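Taking it in order: structure first as structure tokens, then the write-up.
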Amino acid sequence: MNIHEYQGKQILKSFGVRVQEGIVADTPEQAVEAAKKMKEDYNSDWVVVKAQIHAGGRGKGGGVKLAKNLDEVKQRATDIIGMQLVTPQTGPEGKKVNKVLVAQDVYYPGESETKEFYMSVLLDRAKGRNIVMYSTEGGMDIEEVAEKTPHLIFKEEIDPKVGLQGFQARKIAFNLGLSGAAHKEMVKFVAALYKAYDSTDSSMFEINPVLKTSDDKILAVDAKVNLDENALYRHPDYAAMRDVTEEDPTEVEAGESNLNYVKLDGNVGCMVNGAGLAMATMDIIKIAGGEPANFLDVGGTANAETVKAGFNIILKDPNVKAILINIFGGIVRCDRVAQGVIDAYSEIGNIPVPIIVRLQGTNAEEAKKLIDESGLQVYSAILLKEAAELVTKVLKG
């Protein structure tokens with residue numbers, strides 16, 4: 001589960017990580033009040049107005065702006081709130097900005113130059129270990145750094161038996177070229193960041209940039225956090241941070257019906273029980289000359305209600321030209337699923353696209369008979385090859 005920058009910073013602060021302070025605002029008027037509060041609490045004359053969406057690259061898309069007075073704060077907030085922010089991570093459709101973070105200016109002049117670093121903690125799946133990934137080249141162009149100069153990206157592997165060790169945190173600070181007070185601050189920062197990642201059951205903490213201020217403080221200017229949804233039952237306070245307005249509304253609706261749904265760009269909707277069978281079904285759709293419009297796993301106990309919910313979700317996609325239902329009757333009886341398809345079809349009314357139903361397993365023959373005798377515009381199949389041939393047939397019209 002993704003969360004906003006300001007929420008990620010709240011979590012970081014709770015584990016002792018120093019962050020760029022800020023106040024969330026839903027309107028330009030609230031942004032102005034937030035800027036006044038930043039001046040009062042942190043003596044920050046300038047503030048940064050930052051769009052809050054679940055995507056990186058906001059600065060390049062025009063979603064992060066410096067404001068040097070209250071009039072500029074109001075103007076920046078007016079420009080950003082409500083905009084459709086397009087970044088390399090949102091796709092061409094972009095995401096609507098509903099709120100901004102009014103953050104303190106941490107790039108103030110001082111005894112030394114400010115310096116931006118990149119740091120993330122995540123799982124290296126190939127090695128089965130957490131790693132701290134970091135670079136001296138933090139900031140908006142980190143993707144180009146990784147692509148063109150990969151030798152500037154460092155990785156520190158963490159042994160799960162002992163966790164992050166002190167010498168590893170010191171090594172990271174040394175590789176970042178820090179010394180004196182900044183080195184000590186970075187050691188503390190790395191240790192606290194890893195503790196936050198490990199204790200929250202997160203799948204990723206990305207801080208870009210980590211900033212060394214002009215007075216040698218180390219702090220998180222941004223926070224991109226992904227929490228492991230499978231562990232949210234242990235963290236109800238983090239689960240409450242979910243912002244469904246940032247998610248695909250169809251996927252949210254599917255989740256409420258206990259369906260595993262991911263929207264794709266194809267023309268054949270598919271409804272399957274079991275993730276492995278769903279993947280195989282998507283393959284057979286492509287072999288048949290179609291493109292899967294979605295991944296939809298209705299689970300092992302598919303019934304009339306789940307089939308109906310699946311139909312409703314698939315039919316919201318205007319690109320769908322056919323629907324393939326592929327059910328293996330192991331736990332569930334095929335004839336019950338067939339009756340569920342018939343009932344759902346009748347209840348929804350006229351379904352404007354052809355439906356191919358492939359049922360295999362317990363009572364498959366009885367299920368095929370039910371479908372064939374229903375009088376509905378439904379094609380039945382028992383073999384996967386038959387289903388593929390039917391997909392080809394209906395797509396060609």
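Each chain of the structure tokens is named A, B, ... in the order shown, its residues numbered from 1; ligands are numbered from 1 in display order.
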
**Report entry** Expected answer as a ChimeraX atom specification: alpha helix (DSSP H) residues in range 266-327 of chain A
**Finding:** /A:275-287,304-314

Got a sec: who's within 12 Å of Ser374 in chain A, counting only C-alpha atoms, leaving out chain neighbours fewer than 2 positions off, as a short mmCIF file (atom, residue, chain, number, x, y, z; two decimals) with N, CA and C atoms, in the first residue's frame?
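So selection-v3.cif came out as:
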```cif
data_model
loop_
_atom_site.label_atom_id
_atom_site.label_comp_id
_atom_site.auth_asym_id
_atom_site.auth_seq_id
_atom_site.Cartn_x
_atom_site.Cartn_y
_atom_site.Cartn_z
N ALA A 338 -21.90 -22.41 -13.27
CA ALA A 338 -22.69 -22.19 -14.48
C ALA A 338 -24.03 -21.55 -14.14
N GLN A 339 -24.67 -22.05 -13.09
CA GLN A 339 -25.94 -21.46 -12.67
C GLN A 339 -25.72 -20.02 -12.21
N GLY A 340 -24.58 -19.77 -11.57
CA GLY A 340 -24.24 -18.41 -11.15
C GLY A 340 -24.08 -17.49 -12.34
N VAL A 341 -23.46 -17.98 -13.43
CA VAL A 341 -23.30 -17.19 -14.66
C VAL A 341 -24.67 -16.86 -15.24
N ILE A 342 -25.54 -17.86 -15.29
CA ILE A 342 -26.89 -17.66 -15.85
C ILE A 342 -27.67 -16.65 -15.00
N ASP A 343 -27.62 -16.83 -13.67
CA ASP A 343 -28.35 -15.93 -12.76
C ASP A 343 -27.82 -14.50 -12.88
N TYR A 345 -26.19 -13.14 -15.40
CA TYR A 345 -26.54 -12.63 -16.73
C TYR A 345 -27.98 -12.11 -16.73
N SER A 346 -28.88 -12.91 -16.14
CA SER A 346 -30.30 -12.54 -16.11
C SER A 346 -30.53 -11.31 -15.26
N ALA A 367 -22.52 -28.71 -16.23
CA ALA A 367 -22.39 -27.26 -16.36
C ALA A 367 -22.54 -26.83 -17.82
N LYS A 368 -21.90 -27.57 -18.72
CA LYS A 368 -21.97 -27.24 -20.14
C LYS A 368 -23.42 -27.33 -20.63
N LYS A 369 -24.13 -28.35 -20.16
CA LYS A 369 -25.52 -28.52 -20.56
C LYS A 369 -26.37 -27.34 -20.09
N LEU A 370 -26.14 -26.90 -18.85
CA LEU A 370 -26.88 -25.74 -18.32
C LEU A 370 -26.66 -24.50 -19.19
N ILE A 371 -25.40 -24.26 -19.53
CA ILE A 371 -25.07 -23.08 -20.35
C ILE A 371 -25.71 -23.19 -21.72
N ASP A 372 -25.56 -24.36 -22.35
CA ASP A 372 -26.06 -24.53 -23.72
C ASP A 372 -27.58 -24.40 -23.80
N LEU A 376 -29.08 -18.04 -23.56
CA LEU A 376 -28.36 -16.77 -23.48
C LEU A 376 -27.21 -16.76 -24.49
N GLN A 377 -26.69 -15.56 -24.75
CA GLN A 377 -25.57 -15.42 -25.69
C GLN A 377 -24.27 -15.79 -24.98
N VAL A 378 -24.17 -17.08 -24.65
CA VAL A 378 -23.01 -17.58 -23.92
C VAL A 378 -22.49 -18.81 -24.65
N TYR A 379 -21.18 -18.82 -24.95
CA TYR A 379 -20.55 -19.96 -25.59
C TYR A 379 -19.87 -20.81 -24.51
N SER A 380 -20.12 -22.13 -24.54
CA SER A 380 -19.51 -22.98 -23.52
C SER A 380 -18.39 -23.82 -24.12
#
```

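Near Glu251 in chain A, within 12 Å and counting only C-alpha atoms, sit Val244, Thr245, Ser257, Asn258, Leu259, Asn260, Tyr261, Val262, Lys263, Leu264, Asn294, Phe295, Leu296, Ala309, Gly310, Ile313, Ile314, Lys316 and Asp317 of chain A; same-chain residues fewer than 6 positions away were not included.
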
Given the selection you just returned, output its residues as a file containing N, CA and C atoms, formatted as a JSON list (two decimals), in the first residue's frame.
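In the end it all went to part-v4.json:
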```json
[["chain", "number", "residue", "atom", "x", "y", "z"],
["A", 244, "VAL", "N", -7.93, 6.05, -0.93],
["A", 244, "VAL", "CA", -8.51, 5.34, -2.08],
["A", 244, "VAL", "C", -8.67, 6.26, -3.29],
["A", 245, "THR", "N", -8.63, 7.58, -3.07],
["A", 245, "THR", "CA", -8.74, 8.49, -4.22],
["A", 245, "THR", "C", -7.51, 8.40, -5.12],
["A", 257, "SER", "N", -15.30, -6.42, -2.97],
["A", 257, "SER", "CA", -16.01, -7.67, -3.27],
["A", 257, "SER", "C", -15.10, -8.88, -3.11],
["A", 258, "ASN", "N", -13.91, -8.67, -2.51],
["A", 258, "ASN", "CA", -12.92, -9.74, -2.29],
["A", 258, "ASN", "C", -12.45, -10.37, -3.60],
["A", 259, "LEU", "N", -12.34, -9.55, -4.63],
["A", 259, "LEU", "CA", -11.83, -10.01, -5.91],
["A", 259, "LEU", "C", -10.43, -9.43, -6.11],
["A", 260, "ASN", "N", -9.54, -10.23, -6.68],
["A", 260, "ASN", "CA", -8.20, -9.75, -7.01],
["A", 260, "ASN", "C", -8.20, -9.28, -8.46],
["A", 261, "TYR", "N", -8.17, -7.96, -8.65],
["A", 261, "TYR", "CA", -8.36, -7.39, -9.99],
["A", 261, "TYR", "C", -7.25, -6.39, -10.30],
["A", 262, "VAL", "N", -6.71, -6.51, -11.51],
["A", 262, "VAL", "CA", -5.75, -5.53, -12.01],
["A", 262, "VAL", "C", -6.17, -5.17, -13.44],
["A", 263, "LYS", "N", -6.38, -3.90, -13.70],
["A", 263, "LYS", "CA", -6.80, -3.46, -15.04],
["A", 263, "LYS", "C", -5.61, -3.47, -15.99],
["A", 264, "LEU", "N", -5.85, -3.95, -17.21],
["A", 264, "LEU", "CA", -4.85, -3.95, -18.27],
["A", 264, "LEU", "C", -5.42, -3.21, -19.49],
["A", 294, "ASN", "N", -7.77, -7.51, -18.38],
["A", 294, "ASN", "CA", -7.63, -7.47, -16.92],
["A", 294, "ASN", "C", -7.09, -8.79, -16.40],
["A", 295, "PHE", "N", -6.61, -8.74, -15.19],
["A", 295, "PHE", "CA", -6.37, -9.94, -14.38],
["A", 295, "PHE", "C", -7.47, -9.94, -13.34],
["A", 296, "LEU", "N", -8.27, -11.02, -13.28],
["A", 296, "LEU", "CA", -9.34, -11.10, -12.29],
["A", 296, "LEU", "C", -9.43, -12.51, -11.72],
["A", 309, "ALA", "N", -20.42, -9.82, -9.44],
["A", 309, "ALA", "CA", -19.51, -8.70, -9.15],
["A", 309, "ALA", "C", -18.41, -8.61, -10.20],
["A", 310, "GLY", "N", -17.89, -9.78, -10.61],
["A", 310, "GLY", "CA", -16.87, -9.81, -11.64],
["A", 310, "GLY", "C", -17.37, -9.24, -12.97],
["A", 313, "ILE", "N", -17.62, -5.41, -12.85],
["A", 313, "ILE", "CA", -16.32, -4.74, -12.89],
["A", 313, "ILE", "C", -15.73, -4.80, -14.30],
["A", 314, "ILE", "N", -15.78, -5.96, -14.92],
["A", 314, "ILE", "CA", -15.22, -6.10, -16.27],
["A", 314, "ILE", "C", -15.95, -5.19, -17.26],
["A", 316, "LYS", "N", -17.22, -2.39, -16.90],
["A", 316, "LYS", "CA", -16.94, -0.95, -16.77],
["A", 316, "LYS", "C", -15.83, -0.50, -17.71],
["A", 317, "ASP", "N", -15.12, -1.49, -18.27],
["A", 317, "ASP", "CA", -14.04, -1.17, -19.20],
["A", 317, "ASP", "C", -14.61, -1.12, -20.62]]
```

The distance between CA of Phe15 in chain A and CA of His183 in chain A is 19.4 Å

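With only C-alpha atoms as the atoms that count, the residue of A:Val187, A:Ala240, A:Met119, A:Met140 with the shortest distance to Pro88 in chain A is A:Met140.
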
Give me the residues near Ala278 in chain A as a list in words, where near means some atom within 10 Å (using only C-alpha atoms) and where sequence neighbours in that chain fewer than 3 positions away do not count.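 The filter keeps Cys270, Met271, Val272, Asn273, Gly274, Ala275, Thr281, Met282, Asp283, Ile284, Asn294, Phe295, Leu296, Asp297, Val298, Ile325, Asn326 and Ile327 of chain A.
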
Exercise. As a list in words, please: all residues of range 135-237 of chain A that backbone DSSP puts in strand (DSSP E or B).
Key: Ser135, Ile153, Phe154, Lys155, Glu156, Glu157, Ser202, Ser203, Met204, Phe205, Glu206, Ile207, Asn208, Pro209, Val210, Leu211, Lys212, Ile218, Leu219, Ala220, Lys224, Val225, Asn226 and Leu227 of chain A

- Interatomic distance, CA of Glu29 in chain A to CA of Gly56 in chain A (Å, one decimal):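 Between CA of Glu29 in chain A and CA of Gly56 in chain A the gap is 25.7 Å.
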
Proximity to Ser199 in chain A - best of A:Leu66, A:Leu12, A:Ala288, A:Leu211, only C-alpha atoms =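 Ranking A:Leu66, A:Leu12, A:Ala288, A:Leu211 by distance to Ser199 in chain A, first place goes to A:Leu12.
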
Margin query: Just want the 12 Å neighbourhood of Leu178 in chain A, counted on only C-alpha atoms, with same-chain residues fewer than 6 positions away dropped. Output as a PyMOL selection string.
Written below: chain A and resi 114-117+136+169-172+184-187+211-212+216-218

**Message:** I'd like the interatomic distance between CA of Val100 in chain A and CA of Lys50 in chain A, to a tenth of an Å.
**Reply:**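 Those two atoms sit 5.3 Å apart.
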
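Ranking A:Ile285, A:Ile80, A:Met204, A:Val106 by their shortest atom-to-atom distance to Gly59 in chain A, with only C-alpha atoms included, puts A:Ile80 first.
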
* Would you list the contacts of Ala34 in chain A as a ChimeraX atom specification, taking every protein, DNA or RNA residue within 9 Å and counting only C-alpha atoms, but skipping same-chain residues closer than 5 positions in sequence? => /A:22-25,29,39,101-103

Could you save those same residues with C-alpha atoms as a PDB file, in the first residue's frame?
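To be explicit, this is the file written out as part.pdb:
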```pdb
ATOM      1  CA  GLY A  22       5.574  20.485   6.890  1.00  0.00           C
ATOM      2  CA  ILE A  23       1.809  20.931   7.229  1.00  0.00           C
ATOM      3  CA  VAL A  24      -0.823  19.455   4.889  1.00  0.00           C
ATOM      4  CA  ALA A  25      -3.347  21.779   3.227  1.00  0.00           C
ATOM      5  CA  GLU A  29      -6.270  29.384   2.290  1.00  0.00           C
ATOM      6  CA  LYS A  39       7.376  30.768  10.094  1.00  0.00           C
ATOM      7  CA  LEU A 101       2.333  19.782   1.778  1.00  0.00           C
ATOM      8  CA  VAL A 102       3.642  23.199   2.836  1.00  0.00           C
ATOM      9  CA  ALA A 103       7.194  22.371   3.910  1.00  0.00           C
TER      10      ALA A 103
END
```

List as a PDB file with all heavy atoms, in the first residue's frame the protein and nucleic acid residues near Gly329 in chain A, meaning an atom at most 7 Å away when only C-alpha atoms are counted, but skip any in the same chain fewer than 4 places from it.
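Produced file around.pdb, reproduced below:
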```
ATOM      1  N   ARG A 333     -18.114 -26.634  -7.452  1.00  0.00           N
ATOM      2  CA  ARG A 333     -18.763 -27.442  -8.479  1.00  0.00           C
ATOM      3  C   ARG A 333     -19.047 -26.586  -9.708  1.00  0.00           C
ATOM      4  O   ARG A 333     -19.592 -25.484  -9.612  1.00  0.00           O
ATOM      5  CB  ARG A 333     -20.075 -28.025  -7.951  1.00  0.00           C
ATOM      6  CG  ARG A 333     -19.899 -29.286  -7.140  1.00  0.00           C
ATOM      7  CD  ARG A 333     -21.185 -29.719  -6.479  1.00  0.00           C
ATOM      8  NE  ARG A 333     -22.381 -29.540  -7.302  1.00  0.00           N
ATOM      9  CZ  ARG A 333     -23.618 -29.755  -6.843  1.00  0.00           C
ATOM     10  NH1 ARG A 333     -23.808 -30.139  -5.593  1.00  0.00           N
ATOM     11  NH2 ARG A 333     -24.659 -29.577  -7.627  1.00  0.00           N
ATOM     12  N   CYS A 334     -18.708 -27.116 -10.889  1.00  0.00           N
ATOM     13  CA  CYS A 334     -18.882 -26.355 -12.125  1.00  0.00           C
ATOM     14  C   CYS A 334     -20.338 -26.010 -12.402  1.00  0.00           C
ATOM     15  O   CYS A 334     -20.643 -24.928 -12.917  1.00  0.00           O
ATOM     16  CB  CYS A 334     -18.315 -27.141 -13.308  1.00  0.00           C
ATOM     17  SG  CYS A 334     -16.515 -27.260 -13.303  1.00  0.00           S
ATOM     18  N   GLN A 360     -14.151 -26.733 -16.208  1.00  0.00           N
ATOM     19  CA  GLN A 360     -13.514 -28.052 -16.196  1.00  0.00           C
ATOM     20  C   GLN A 360     -13.413 -28.545 -14.766  1.00  0.00           C
ATOM     21  O   GLN A 360     -13.167 -27.756 -13.860  1.00  0.00           O
ATOM     22  CB  GLN A 360     -12.117 -27.961 -16.826  1.00  0.00           C
ATOM     23  CG  GLN A 360     -11.359 -29.276 -16.923  1.00  0.00           C
ATOM     24  CD  GLN A 360     -12.074 -30.293 -17.777  1.00  0.00           C
ATOM     25  OE1 GLN A 360     -12.982 -30.983 -17.288  1.00  0.00           O
ATOM     26  NE2 GLN A 360     -11.687 -30.404 -19.039  1.00  0.00           N
ATOM     27  N   GLY A 361     -13.651 -29.849 -14.575  1.00  0.00           N
ATOM     28  CA  GLY A 361     -13.554 -30.409 -13.228  1.00  0.00           C
ATOM     29  C   GLY A 361     -14.877 -31.014 -12.800  1.00  0.00           C
ATOM     30  O   GLY A 361     -15.620 -31.577 -13.615  1.00  0.00           O
ATOM     31  N   THR A 362     -15.189 -30.867 -11.534  1.00  0.00           N
ATOM     32  CA  THR A 362     -16.388 -31.484 -10.964  1.00  0.00           C
ATOM     33  C   THR A 362     -17.662 -31.003 -11.653  1.00  0.00           C
ATOM     34  O   THR A 362     -17.938 -29.807 -11.707  1.00  0.00           O
ATOM     35  CB  THR A 362     -16.463 -31.169  -9.443  1.00  0.00           C
ATOM     36  OG1 THR A 362     -15.231 -31.520  -8.839  1.00  0.00           O
ATOM     37  CG2 THR A 362     -17.592 -31.934  -8.787  1.00  0.00           C
TER      38      THR A 362
END
```
